[in-house]
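Structure file start07.txt (compact mmCIF, C-alpha atoms and all ligand atoms) is printed below.
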```txt
# COMPACT_ATOMS: atom_id res chain seq x y z
CA MET A 287 8.87 24.52 12.24
CA ASN A 288 6.66 21.45 11.85
CA LYS A 289 8.64 18.59 13.35
CA LEU A 290 6.46 15.92 11.73
CA ALA A 291 7.11 17.08 8.15
CA VAL A 292 8.41 14.43 5.73
CA LYS A 293 9.04 14.01 2.02
CA TYR A 294 7.31 11.18 0.17
CA LEU A 295 7.31 10.54 -3.60
CA GLY A 296 8.70 14.04 -4.05
CA MET A 297 5.81 15.63 -2.12
CA ASP A 298 5.94 17.57 1.15
CA LEU A 299 3.75 15.96 3.80
CA ARG A 300 2.96 17.66 7.12
CA SER A 301 2.84 14.27 8.89
CA PRO A 302 4.16 10.80 8.03
CA LEU A 303 0.67 9.37 8.68
CA ILE A 304 -1.28 8.55 5.53
CA VAL A 305 -4.84 7.24 5.45
CA SER A 306 -4.48 4.17 3.28
CA SER A 307 -6.74 3.08 0.47
CA SER A 308 -10.17 1.82 1.63
CA ARG A 309 -13.79 2.92 1.89
CA LEU A 310 -12.53 5.56 4.37
CA THR A 311 -11.01 7.40 1.44
CA SER A 312 -13.84 7.02 -1.04
CA THR A 313 -15.93 10.15 -0.37
CA LEU A 314 -15.17 13.86 -0.21
CA GLY A 315 -16.62 13.98 3.32
CA SER A 316 -14.26 11.36 4.74
CA LEU A 317 -11.28 12.80 2.85
CA LYS A 318 -11.98 16.19 4.43
CA GLU A 319 -12.27 14.56 7.85
CA ALA A 320 -8.89 12.86 7.29
CA GLU A 321 -7.33 16.24 6.48
CA ASP A 322 -8.97 17.93 9.47
CA SER A 323 -7.66 15.14 11.71
CA GLY A 324 -4.06 15.80 10.68
CA ALA A 325 -3.31 13.16 8.01
CA GLY A 326 -0.24 13.88 5.90
CA ALA A 327 -1.88 12.51 2.74
CA VAL A 328 -4.71 10.26 1.62
CA VAL A 329 -4.65 7.32 -0.77
CA LEU A 330 -8.00 7.03 -2.51
CA LYS A 331 -9.93 3.77 -2.55
CA SER A 332 -8.61 1.71 -5.46
CA LEU A 333 -10.30 1.79 -8.78
CA PHE A 334 -10.63 -1.94 -9.47
CA GLU A 335 -10.69 -2.99 -13.08
CA GLU A 336 -12.20 -6.27 -11.92
CA GLN A 337 -15.02 -4.43 -10.17
CA ILE A 338 -15.83 -2.40 -13.23
CA ASN A 339 -15.85 -5.45 -15.47
CA HIS A 340 -18.03 -7.37 -13.03
CA TYR A 341 -20.42 -4.43 -12.85
CA ILE A 342 -20.65 -4.45 -16.60
CA SER A 343 -21.22 -8.21 -16.75
CA THR A 344 -24.16 -8.04 -14.27
CA PHE A 345 -26.12 -6.14 -16.89
CA ASP A 346 -27.77 -8.59 -19.21
CA SER A 347 -27.03 -6.36 -22.08
CA SER A 348 -27.01 -8.87 -24.86
CA SER A 349 -28.90 -7.16 -27.63
CA GLY A 350 -27.94 -9.56 -30.36
CA TYR A 351 -25.85 -6.76 -31.80
CA PRO A 352 -22.22 -7.22 -30.70
CA GLU A 353 -21.39 -3.63 -31.55
CA ALA A 354 -24.21 -2.32 -29.35
CA ASP A 355 -23.01 -4.57 -26.48
CA ASP A 356 -19.48 -3.26 -26.84
CA TYR A 357 -20.80 0.27 -26.83
CA LEU A 358 -22.72 -0.34 -23.58
CA ALA A 359 -19.73 -2.03 -21.93
CA ASN A 360 -17.51 0.88 -22.85
CA TYR A 361 -20.12 3.36 -21.69
CA LEU A 362 -20.43 1.70 -18.25
CA ARG A 363 -16.70 1.35 -17.92
CA SER A 364 -15.99 4.95 -18.75
CA ASN A 365 -18.74 6.14 -16.38
CA SER A 366 -17.15 4.29 -13.43
CA VAL A 367 -13.81 5.75 -14.42
CA ASP A 368 -15.36 9.21 -14.80
CA GLU A 369 -16.76 9.07 -11.27
CA TYR A 370 -13.32 8.25 -9.97
CA LEU A 371 -11.66 11.01 -11.97
CA SER A 372 -14.24 13.46 -10.70
CA LEU A 373 -13.43 12.40 -7.10
CA ILE A 374 -9.73 13.09 -7.77
CA ARG A 375 -10.44 16.54 -9.21
CA LYS A 376 -12.83 17.56 -6.42
CA ALA A 377 -10.55 16.20 -3.69
CA ARG A 378 -7.60 18.12 -5.13
CA GLU A 379 -9.66 21.29 -5.18
CA MET A 380 -10.95 20.85 -1.63
CA LEU A 381 -7.87 19.57 0.19
CA SER A 382 -4.43 21.01 0.75
CA ILE A 383 -2.83 17.62 1.56
CA PRO A 384 -1.72 15.37 -1.32
CA VAL A 385 -4.33 13.04 -2.79
CA ILE A 386 -2.88 9.80 -4.15
CA PRO A 387 -5.22 7.78 -6.39
CA SER A 388 -4.85 4.01 -6.44
CA ILE A 389 -5.51 1.52 -9.19
CA ASN A 390 -5.93 -2.21 -9.23
CA CYS A 391 -6.11 -3.81 -12.63
CA PHE A 392 -5.46 -7.25 -14.01
CA SER A 393 -5.06 -6.62 -17.70
CA SER A 394 -2.16 -4.66 -19.08
CA GLU A 395 -4.43 -2.39 -21.14
CA GLY A 396 -6.54 -1.67 -18.07
CA TRP A 397 -3.56 -0.59 -16.02
CA THR A 398 -2.19 1.82 -18.50
CA ASP A 399 -5.56 3.27 -19.58
CA PHE A 400 -6.58 4.07 -16.04
CA ALA A 401 -3.18 5.39 -15.01
CA LYS A 402 -3.12 7.76 -17.96
CA ASN A 403 -6.58 9.12 -17.15
CA ILE A 404 -5.65 9.54 -13.51
CA ALA A 405 -2.43 11.41 -14.28
CA GLU A 406 -4.35 13.68 -16.63
CA ALA A 407 -6.89 14.41 -13.87
CA GLY A 408 -4.03 16.11 -12.01
CA ALA A 409 -2.81 13.46 -9.55
CA ASP A 410 0.62 14.22 -8.07
CA ALA A 411 1.46 10.54 -7.63
CA ILE A 412 -0.22 7.18 -8.00
CA GLU A 413 -0.32 3.98 -5.98
CA ILE A 414 -0.50 0.69 -7.83
CA ASN A 415 -2.28 -2.04 -5.90
CA VAL A 416 -1.05 -5.15 -7.63
CA PHE A 417 -1.12 -8.86 -6.88
CA PHE A 418 -1.36 -11.84 -9.18
CA LEU A 419 -2.06 -15.04 -7.31
CA PRO A 420 0.22 -17.64 -8.87
CA ALA A 421 -2.07 -20.64 -9.32
CA ASP A 422 -0.13 -22.47 -12.04
CA ARG A 423 2.32 -24.99 -10.58
CA LYS A 424 4.20 -25.28 -13.86
CA LYS A 425 5.13 -21.61 -13.83
CA THR A 426 8.42 -20.64 -12.20
CA SER A 427 8.60 -17.80 -9.69
CA ALA A 428 10.74 -15.85 -12.17
CA GLU A 429 7.94 -16.09 -14.76
CA ALA A 430 5.36 -14.92 -12.21
CA GLU A 431 7.56 -11.99 -11.18
CA LYS A 432 8.11 -10.98 -14.80
CA VAL A 433 4.43 -10.05 -15.06
CA TYR A 434 4.91 -7.31 -12.43
CA LEU A 435 8.04 -5.98 -14.07
CA GLU A 436 6.51 -5.82 -17.54
CA LEU A 437 3.53 -3.94 -16.13
CA ILE A 438 5.80 -1.45 -14.43
CA GLU A 439 7.78 -0.91 -17.62
CA LYS A 440 4.55 -0.23 -19.51
CA LEU A 441 3.30 2.14 -16.85
CA LYS A 442 6.56 4.05 -16.70
CA LYS A 443 6.35 4.62 -20.46
CA THR A 444 2.77 5.91 -20.11
CA ILE A 445 2.87 8.27 -17.12
CA LYS A 446 5.40 10.70 -15.70
CA ILE A 447 4.03 11.15 -12.16
CA PRO A 448 5.74 9.24 -9.30
CA ILE A 449 4.60 5.65 -8.81
CA ALA A 450 4.39 3.67 -5.57
CA ILE A 451 3.93 -0.09 -5.90
CA LYS A 452 1.77 -1.52 -3.14
CA MET A 453 3.23 -4.99 -3.03
CA GLY A 454 2.33 -8.21 -1.27
CA PHE A 455 4.94 -10.02 0.81
CA ARG A 456 4.66 -13.40 -0.89
CA PHE A 457 7.79 -13.26 -3.00
CA SER A 458 10.76 -15.63 -2.73
CA ASN A 459 13.04 -12.62 -2.40
CA ILE A 460 11.38 -9.36 -1.40
CA LEU A 461 14.58 -7.29 -1.60
CA TYR A 462 15.23 -8.53 -5.14
CA MET A 463 11.74 -7.44 -6.19
CA ILE A 464 12.17 -3.96 -4.68
CA ASP A 465 15.54 -3.69 -6.40
CA GLN A 466 13.87 -4.60 -9.70
CA PHE A 467 11.23 -1.88 -9.09
CA TYR A 468 14.00 0.60 -8.32
CA MET A 469 15.93 -0.32 -11.48
CA ARG A 470 12.76 0.49 -13.43
CA LYS A 471 12.68 3.92 -11.73
CA VAL A 472 9.73 3.28 -9.42
CA GLU A 473 9.74 6.03 -6.79
CA GLY A 474 8.07 4.25 -3.88
CA VAL A 475 7.03 0.93 -2.43
CA VAL A 476 4.18 0.26 0.00
CA MET A 477 5.08 -2.62 2.29
CA PHE A 478 2.71 -4.44 2.32
CA ASN A 479 -0.82 -4.84 1.07
CA ARG A 480 -3.09 -7.07 3.13
CA PHE A 481 -5.33 -9.25 1.01
CA TYR A 482 -8.66 -10.97 1.26
CA GLU A 483 -8.12 -14.46 2.69
CA PRO A 484 -10.64 -17.32 2.60
CA ASP A 485 -11.31 -19.24 5.81
CA ILE A 486 -13.50 -22.26 6.67
CA ASN A 487 -16.53 -22.18 8.94
CA ILE A 488 -16.96 -25.73 10.31
CA ASP A 489 -20.55 -25.14 11.50
CA LYS A 490 -21.69 -24.07 8.08
CA ILE A 491 -19.13 -26.34 6.36
CA ASP A 492 -18.47 -23.49 4.03
CA ILE A 493 -15.88 -20.95 2.97
CA VAL A 494 -16.10 -17.58 4.70
CA PRO A 495 -13.93 -14.47 4.47
CA ALA A 496 -11.28 -14.17 7.18
CA PRO A 497 -11.45 -10.96 9.27
CA VAL A 498 -10.81 -7.98 7.02
CA PHE A 499 -9.18 -5.89 9.74
CA SER A 500 -5.59 -6.36 10.82
CA THR A 501 -4.27 -6.95 14.30
CA GLU A 502 -1.23 -5.29 15.82
CA SER A 503 0.72 -8.56 15.81
CA GLU A 504 0.77 -8.51 11.98
CA ARG A 505 3.15 -5.57 12.22
CA ARG A 506 6.13 -7.76 13.06
CA LEU A 507 6.49 -9.45 9.70
CA VAL A 508 6.45 -6.06 8.00
CA LEU A 509 8.91 -4.55 10.45
CA ARG A 510 11.69 -6.98 9.51
CA TRP A 511 11.36 -6.26 5.78
CA ILE A 512 11.21 -2.50 6.21
CA ALA A 513 14.33 -2.64 8.36
CA MET A 514 16.07 -4.74 5.68
CA ALA A 515 14.84 -2.71 2.69
CA SER A 516 15.62 0.70 4.19
CA ALA A 517 19.22 -0.40 4.77
CA GLN A 518 19.83 -1.05 1.05
CA ASP A 519 21.44 1.51 -1.20
CA PHE A 520 18.47 1.80 -3.55
CA ARG A 521 16.77 5.17 -3.34
CA ILE A 522 13.13 4.26 -3.13
CA ASP A 523 10.64 5.67 -0.63
CA ILE A 524 9.08 3.17 1.73
CA SER A 525 5.54 3.51 3.02
CA ALA A 526 4.69 1.06 5.79
CA SER A 527 1.29 -0.60 5.77
CA THR A 528 -0.32 -3.31 7.93
CA GLY A 529 -0.78 -3.53 11.66
CA VAL A 530 -0.44 0.11 12.68
CA HIS A 531 -2.85 0.48 15.58
CA SER A 532 -1.27 3.33 17.56
CA GLY A 533 1.17 6.24 17.40
CA ALA A 534 3.74 3.90 18.99
CA ASP A 535 3.36 1.46 16.06
CA ALA A 536 4.00 4.31 13.62
CA ILE A 537 7.18 5.24 15.55
CA ARG A 538 8.34 1.60 15.31
CA TYR A 539 8.03 1.63 11.50
CA LEU A 540 9.81 4.99 11.27
CA LEU A 541 12.65 3.67 13.44
CA ALA A 542 12.84 0.66 11.10
CA GLY A 543 13.27 3.08 8.19
CA ALA A 544 9.84 3.84 6.67
CA HIS A 545 9.40 7.31 5.13
CA THR A 546 5.65 7.29 5.77
CA VAL A 547 3.18 5.08 7.62
CA GLN A 548 -0.25 4.12 6.31
CA VAL A 549 -3.20 3.51 8.60
CA CYS A 550 -6.49 1.74 7.90
CA SER A 551 -8.04 -0.86 10.29
CA VAL A 552 -7.61 1.20 13.46
CA LEU A 553 -9.39 4.13 11.81
CA TYR A 554 -12.40 1.91 11.02
CA GLU A 555 -12.42 1.00 14.70
CA LYS A 556 -11.69 4.39 16.29
CA GLY A 557 -12.63 6.90 13.61
CA LEU A 558 -10.50 9.26 11.52
CA PRO A 559 -9.95 11.76 14.41
CA PHE A 560 -7.71 9.10 16.00
CA ILE A 561 -4.98 10.38 13.63
CA LYS A 562 -4.75 13.48 15.84
CA GLU A 563 -3.91 11.29 18.82
CA MET A 564 -1.34 9.33 16.82
CA ASN A 565 0.38 12.54 15.64
CA LYS A 566 0.43 13.77 19.24
CA LYS A 567 2.02 10.53 20.42
CA ILE A 568 4.78 10.80 17.79
CA GLU A 569 5.42 14.44 18.71
CA ASN A 570 5.56 13.77 22.46
CA TRP A 571 7.89 10.83 21.92
CA MET A 572 10.15 13.02 19.73
CA ASP A 573 10.23 15.73 22.42
CA LYS A 574 11.06 13.20 25.10
CA ASN A 575 13.92 11.82 23.04
CA ASP A 576 15.12 15.16 21.72
CA PHE A 577 14.47 14.50 18.05
CA GLY A 578 13.83 17.70 16.11
CA SER A 579 12.65 15.99 12.93
CA ILE A 580 11.47 12.60 11.65
CA GLU A 581 14.70 12.34 9.61
CA ALA A 582 16.68 12.59 12.88
CA PHE A 583 15.55 9.11 13.90
CA ARG A 584 14.19 7.45 10.76
CA GLY A 585 15.99 4.17 10.14
CA ARG A 586 17.94 4.36 13.41
CA LEU A 587 17.09 0.72 14.11
CA ASN A 588 17.32 -0.62 10.58
CA TYR A 589 19.53 -3.45 9.37
CA ARG A 590 22.44 -1.10 8.65
CA ASN A 591 22.30 1.10 11.74
CA TYR A 592 21.39 -1.33 14.49
CA LYS A 593 24.38 -2.61 16.44
CA LYS A 594 23.36 -6.26 16.04
CA PRO A 595 21.90 -6.49 12.51
CA GLU A 596 21.77 -10.28 12.77
CA VAL A 597 18.55 -9.95 14.83
CA TYR A 598 16.81 -9.21 11.54
CA GLU A 599 18.24 -12.33 9.91
CA ARG A 600 17.32 -14.62 12.73
CA THR A 601 14.31 -16.77 11.96
CA GLN A 602 14.50 -19.70 14.37
CA PHE A 603 13.69 -19.64 18.07
CA MET A 604 16.90 -21.54 18.85
CA LYS A 605 16.97 -20.90 22.55
CA TYR A 606 13.54 -22.45 22.99
CA PHE A 607 14.70 -25.71 21.47
CA SER A 608 18.31 -25.94 22.54
CA SER A 609 19.06 -27.35 26.00
CA GLU A 610 22.22 -25.18 26.24
CA ASP A 611 20.35 -21.85 26.01
C1 LIG A 701 -12.32 -2.60 4.26
C2 LIG A 701 -10.99 -2.45 3.58
C3 LIG A 701 -10.93 -2.03 2.25
C4 LIG A 701 -9.69 -1.91 1.60
N1 LIG A 701 -9.64 -1.48 0.31
C5 LIG A 701 -8.43 -1.32 -0.30
C6 LIG A 701 -8.33 -0.83 -1.62
O1 LIG A 701 -9.31 -0.49 -2.29
N2 LIG A 701 -7.09 -0.73 -2.18
C7 LIG A 701 -5.95 -1.05 -1.50
O2 LIG A 701 -4.84 -0.90 -2.05
N3 LIG A 701 -6.02 -1.51 -0.24
C8 LIG A 701 -7.21 -1.65 0.37
N4 LIG A 701 -7.27 -2.11 1.66
C9 LIG A 701 -6.00 -2.43 2.36
C10 LIG A 701 -5.59 -1.26 3.26
O3 LIG A 701 -5.32 -0.10 2.50
C11 LIG A 701 -4.35 -1.61 4.09
O4 LIG A 701 -3.23 -1.78 3.24
C12 LIG A 701 -4.53 -2.87 4.93
O5 LIG A 701 -5.80 -2.88 5.58
C13 LIG A 701 -3.44 -2.99 6.00
O6 LIG A 701 -3.40 -1.84 6.82
P1 LIG A 701 -4.04 -1.84 8.31
O7 LIG A 701 -3.35 -2.89 9.08
O8 LIG A 701 -3.77 -0.46 8.83
O9 LIG A 701 -5.51 -2.12 8.16
C14 LIG A 701 -8.50 -2.23 2.32
C15 LIG A 701 -8.59 -2.64 3.66
C16 LIG A 701 -9.80 -2.75 4.29
C17 LIG A 701 -9.84 -3.19 5.74
```
Here is a file; write its structure as structure tokens.
Ligand SMILES: Cc1cc2nc3c(=O)[nH]c(=O)nc-3n(C[C@H](O)[C@H](O)[C@H](O)COP(=O)(O)O)c2cc1C
Amino acid sequence: MNKLAVKYLGMDLRSPLIVSSSRLTSTLGSLKEAEDSGAGAVVLKSLFEEQINHYISTFDSSSGYPEADDYLANYLRSNSVDEYLSLIRKAREMLSIPVIPSINCFSSEGWTDFAKNIAEAGADAIEINVFFLPADRKKTSAEAEKVYLELIEKLKKTIKIPIAIKMGFRFSNILYMIDQFYMRKVEGVVMFNRFYEPDINIDKIDIVPAPVFSTESERRLVLRWIAMASAQDFRIDISASTGVHSGADAIRYLLAGAHTVQVCSVLYEKGLPFIKEMNKKIENWMDKNDFGSIEAFRGRLNYRNYKKPEVYERTQFMKYFSSED
């Protein structure tokens, strides 16, 4: 029996380790390498509606005939989509592990159009990479959150395959948002996406992108929320993402209650075959601790099961500031 086997979004995975969405999952060659290295599933690089629209706008297509311009825009858009759909079909044919496409769109039509095409291409599940930066100070957080929920409702009406929402962590109440996803019958949540951040270079006196790769210390913020979310009574699968740099990190997320663990930055650094080493680490640790399956220890240290759940609620370093401690 394969001790690493897990269930995620209704699918059987041979390992909880998933190669998360990035350039590492954008070609058939790298997808095959991920499978050969022991990944449980792969999430394809997102199809970005923004990217497609930008690509279209870089063509100075203005012919003076609006209908001709629309035709060209639609042609370019559907070609980008077609390439993506072809990647899904070929990957499904070539691989035996699940292939999860991912979409990132910013208009409600875009979301549903793409999702429908993807489901029709034979995807077993879909990941929705969604984040709207709230830049309007007159808008309440409830109004900003409503945009996500309306999108989900629209999606759920359009496709029948399981949906995982890859969410950001900048919500006033993360557990409320997951509960809202669950009430709309979303099957999974990826906690969390890691976004592009601008930084300032003082030599150039200019804006530069912050490092795109995560560090292991970023794992701790995620750990708390996975431990809290997995202790709730909503039935929604949790896939951990951000800061997994070793097999030990994956074990930490599983102990906190994640069903699967996504890996990206460390694979850019060490190559896809590093998954083999991570799987081995999990297996050896399970043997050492006498766990016959992932389910035997998943969530053992979450907010419900840990003997002192208040450690997850604690936010202040009291003992460092109090003279009595
Ligand atoms: C170069 C790069 C490209 C990425 N592209 C995508 C993407 O297309 N869609 C997406 O949902 N996440 C994307 N991500 C985010 C990763 O899937 C992942 O959630 C994030 O890097 C945190 O995981 P990590 O700490 O293991 O790197 C990308 C990350 C990197 C570093």
Per residue of chain A within 9 Å of ligand LIG 701 (chain A), record the nearest atom pair and its distance in Å to one decimal, counting all atoms listed in the file, with rows in chain order and ascending residue number, as JSON lines.
```
{"residue": "A:Val305", "atom": "CA", "partner": "A:LIG701", "partner_atom": "O3", "distance": 7.9}
{"residue": "A:Ser306", "atom": "CA", "partner": "A:LIG701", "partner_atom": "O3", "distance": 4.4}
{"residue": "A:Ser307", "atom": "CA", "partner": "A:LIG701", "partner_atom": "O3", "distance": 4.0}
{"residue": "A:Ser308", "atom": "CA", "partner": "A:LIG701", "partner_atom": "N1", "distance": 3.6}
{"residue": "A:Arg309", "atom": "CA", "partner": "A:LIG701", "partner_atom": "C3", "distance": 5.7}
{"residue": "A:Leu310", "atom": "CA", "partner": "A:LIG701", "partner_atom": "C3", "distance": 8.0}
{"residue": "A:Thr311", "atom": "CA", "partner": "A:LIG701", "partner_atom": "O1", "distance": 8.9}
{"residue": "A:Ser312", "atom": "CA", "partner": "A:LIG701", "partner_atom": "O1", "distance": 8.9}
{"residue": "A:Val329", "atom": "CA", "partner": "A:LIG701", "partner_atom": "O3", "distance": 8.1}
{"residue": "A:Leu330", "atom": "CA", "partner": "A:LIG701", "partner_atom": "O1", "distance": 7.6}
{"residue": "A:Lys331", "atom": "CA", "partner": "A:LIG701", "partner_atom": "O1", "distance": 4.3}
{"residue": "A:Ser332", "atom": "CA", "partner": "A:LIG701", "partner_atom": "O1", "distance": 3.9}
{"residue": "A:Leu333", "atom": "CA", "partner": "A:LIG701", "partner_atom": "O1", "distance": 6.9}
{"residue": "A:Phe334", "atom": "CA", "partner": "A:LIG701", "partner_atom": "O1", "distance": 7.4}
{"residue": "A:Ser388", "atom": "CA", "partner": "A:LIG701", "partner_atom": "O2", "distance": 6.6}
{"residue": "A:Ile389", "atom": "CA", "partner": "A:LIG701", "partner_atom": "N2", "distance": 7.5}
{"residue": "A:Asn390", "atom": "CA", "partner": "A:LIG701", "partner_atom": "N2", "distance": 7.3}
{"residue": "A:Glu413", "atom": "CA", "partner": "A:LIG701", "partner_atom": "O2", "distance": 7.7}
{"residue": "A:Ile414", "atom": "CA", "partner": "A:LIG701", "partner_atom": "O2", "distance": 7.4}
{"residue": "A:Asn415", "atom": "CA", "partner": "A:LIG701", "partner_atom": "O2", "distance": 4.8}
{"residue": "A:Val416", "atom": "CA", "partner": "A:LIG701", "partner_atom": "O2", "distance": 8.0}
{"residue": "A:Lys452", "atom": "CA", "partner": "A:LIG701", "partner_atom": "O2", "distance": 6.7}
{"residue": "A:Val476", "atom": "CA", "partner": "A:LIG701", "partner_atom": "O4", "distance": 8.3}
{"residue": "A:Met477", "atom": "CA", "partner": "A:LIG701", "partner_atom": "O4", "distance": 8.4}
{"residue": "A:Phe478", "atom": "CA", "partner": "A:LIG701", "partner_atom": "O4", "distance": 6.6}
{"residue": "A:Asn479", "atom": "CA", "partner": "A:LIG701", "partner_atom": "O4", "distance": 4.5}
{"residue": "A:Arg480", "atom": "CA", "partner": "A:LIG701", "partner_atom": "C12", "distance": 4.8}
{"residue": "A:Phe481", "atom": "CA", "partner": "A:LIG701", "partner_atom": "C9", "distance": 7.0}
{"residue": "A:Tyr482", "atom": "CA", "partner": "A:LIG701", "partner_atom": "C15", "distance": 8.7}
{"residue": "A:Pro497", "atom": "CA", "partner": "A:LIG701", "partner_atom": "C17", "distance": 8.7}
{"residue": "A:Val498", "atom": "CA", "partner": "A:LIG701", "partner_atom": "C17", "distance": 5.1}
{"residue": "A:Phe499", "atom": "CA", "partner": "A:LIG701", "partner_atom": "C17", "distance": 4.9}
{"residue": "A:Ser500", "atom": "CA", "partner": "A:LIG701", "partner_atom": "O7", "distance": 4.5}
{"residue": "A:Thr501", "atom": "CA", "partner": "A:LIG701", "partner_atom": "O7", "distance": 6.7}
{"residue": "A:Glu502", "atom": "CA", "partner": "A:LIG701", "partner_atom": "O7", "distance": 7.5}
{"residue": "A:Glu504", "atom": "CA", "partner": "A:LIG701", "partner_atom": "O7", "distance": 7.5}
{"residue": "A:Arg505", "atom": "CA", "partner": "A:LIG701", "partner_atom": "O7", "distance": 7.7}
{"residue": "A:Ala526", "atom": "CA", "partner": "A:LIG701", "partner_atom": "O6", "distance": 8.7}
{"residue": "A:Ser527", "atom": "CA", "partner": "A:LIG701", "partner_atom": "O6", "distance": 5.0}
{"residue": "A:Thr528", "atom": "CA", "partner": "A:LIG701", "partner_atom": "O7", "distance": 3.3}
{"residue": "A:Gly529", "atom": "CA", "partner": "A:LIG701", "partner_atom": "O7", "distance": 3.7}
{"residue": "A:Val530", "atom": "CA", "partner": "A:LIG701", "partner_atom": "O8", "distance": 5.1}
{"residue": "A:His531", "atom": "CA", "partner": "A:LIG701", "partner_atom": "O8", "distance": 6.9}
{"residue": "A:Val547", "atom": "CA", "partner": "A:LIG701", "partner_atom": "O8", "distance": 9.0}
{"residue": "A:Gln548", "atom": "CA", "partner": "A:LIG701", "partner_atom": "O8", "distance": 6.3}
{"residue": "A:Val549", "atom": "CA", "partner": "A:LIG701", "partner_atom": "O8", "distance": 4.0}
{"residue": "A:Cys550", "atom": "CA", "partner": "A:LIG701", "partner_atom": "O8", "distance": 3.6}
{"residue": "A:Ser551", "atom": "CA", "partner": "A:LIG701", "partner_atom": "O9", "distance": 3.5}
{"residue": "A:Val552", "atom": "CA", "partner": "A:LIG701", "partner_atom": "O8", "distance": 6.2}
{"residue": "A:Leu553", "atom": "CA", "partner": "A:LIG701", "partner_atom": "O8", "distance": 7.8}
{"residue": "A:Tyr554", "atom": "CA", "partner": "A:LIG701", "partner_atom": "C17", "distance": 7.8}
```
ask   = In Å, with one decimal, what is the gap from atom CA of A:Pro387 to atom CA of A:Ala411?
value =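 Atom CA of A:Pro387 sits 7.3 Å away from atom CA of A:Ala411.
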task = Might you pull out every residue within 7 Å of stretch 533-546 of chain A, with all atoms listed in the file counted and same-chain residues fewer than 3 positions away left off, and present them as a PyMOL selection string?
result = chain A and resi 294+302-303+509+512-513+516+523-526+530+564-565+567-568+583-588
task = Identify the residues within 9 Å of coordinate (-1.0, 18.6, 1.8) (same frame as the file), considering only C-alpha atoms, and give the answer as a VMD selection string.
result = chain A and resid 297 to 300 321 325 to 327 381 to 385
ask   = Between atom CA of A:Ala450 and atom CA of A:Trp571, what is the spacing in Å?
value =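 For atom CA of A:Trp571 relative to atom CA of A:Ala450, the distance reads 28.6 Å.
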key: Neighbour list for A:Val494 as a list of chain:residue names, cut-off 10 Å, all atoms listed in the file, skip fewer than 3 positions in-chain   =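 Answer for this query is A:Glu483, A:Pro484, A:Asp485, A:Ile486, A:Asn487, A:Ile488, A:Lys490, A:Ile491, A:Pro497.
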query = Mind pulling up the distance from atom CA of A:Arg456 to atom CA of A:Glu599?
reply =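 For atom CA of A:Glu599 relative to atom CA of A:Arg456, the distance reads 17.4 Å.
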ask   = So which residues touch A:Asn288 within 10 Å, counting all atoms listed in the file, skipping near sequence neighbours fewer than 4 positions away, as a list of chain:residue names?
value =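 Neighbouring residues, sequence-local ones excluded: A:Val292, A:Arg300, A:Ser301, A:Glu569, A:Gly578, A:Ser579.
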key: Long-range neighbours of A:Phe417 as a list of chain:residue names, 8 Å cut-off, only C-alpha atoms, 2 positions minimum in chain   =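 Listing them by chain and then by number gives A:Asn415, A:Leu419, A:Met453, A:Gly454.
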Just want the 9 Å neighbourhood of A:Pro559, counted on all atoms listed in the file, with same-chain residues fewer than 5 positions away dropped. Output as a PDB file with C-alpha atoms, keeping the file's coordinate frame.
```pdb
ATOM      1  CA  GLU A 319     -12.270  14.560   7.850  1.00  0.00           C
ATOM      2  CA  ALA A 320      -8.890  12.860   7.290  1.00  0.00           C
ATOM      3  CA  ASP A 322      -8.970  17.930   9.470  1.00  0.00           C
ATOM      4  CA  SER A 323      -7.660  15.140  11.710  1.00  0.00           C
ATOM      5  CA  GLY A 324      -4.060  15.800  10.680  1.00  0.00           C
ATOM      6  CA  LEU A 553      -9.390   4.130  11.810  1.00  0.00           C
TER       7      LEU A 553
END
```
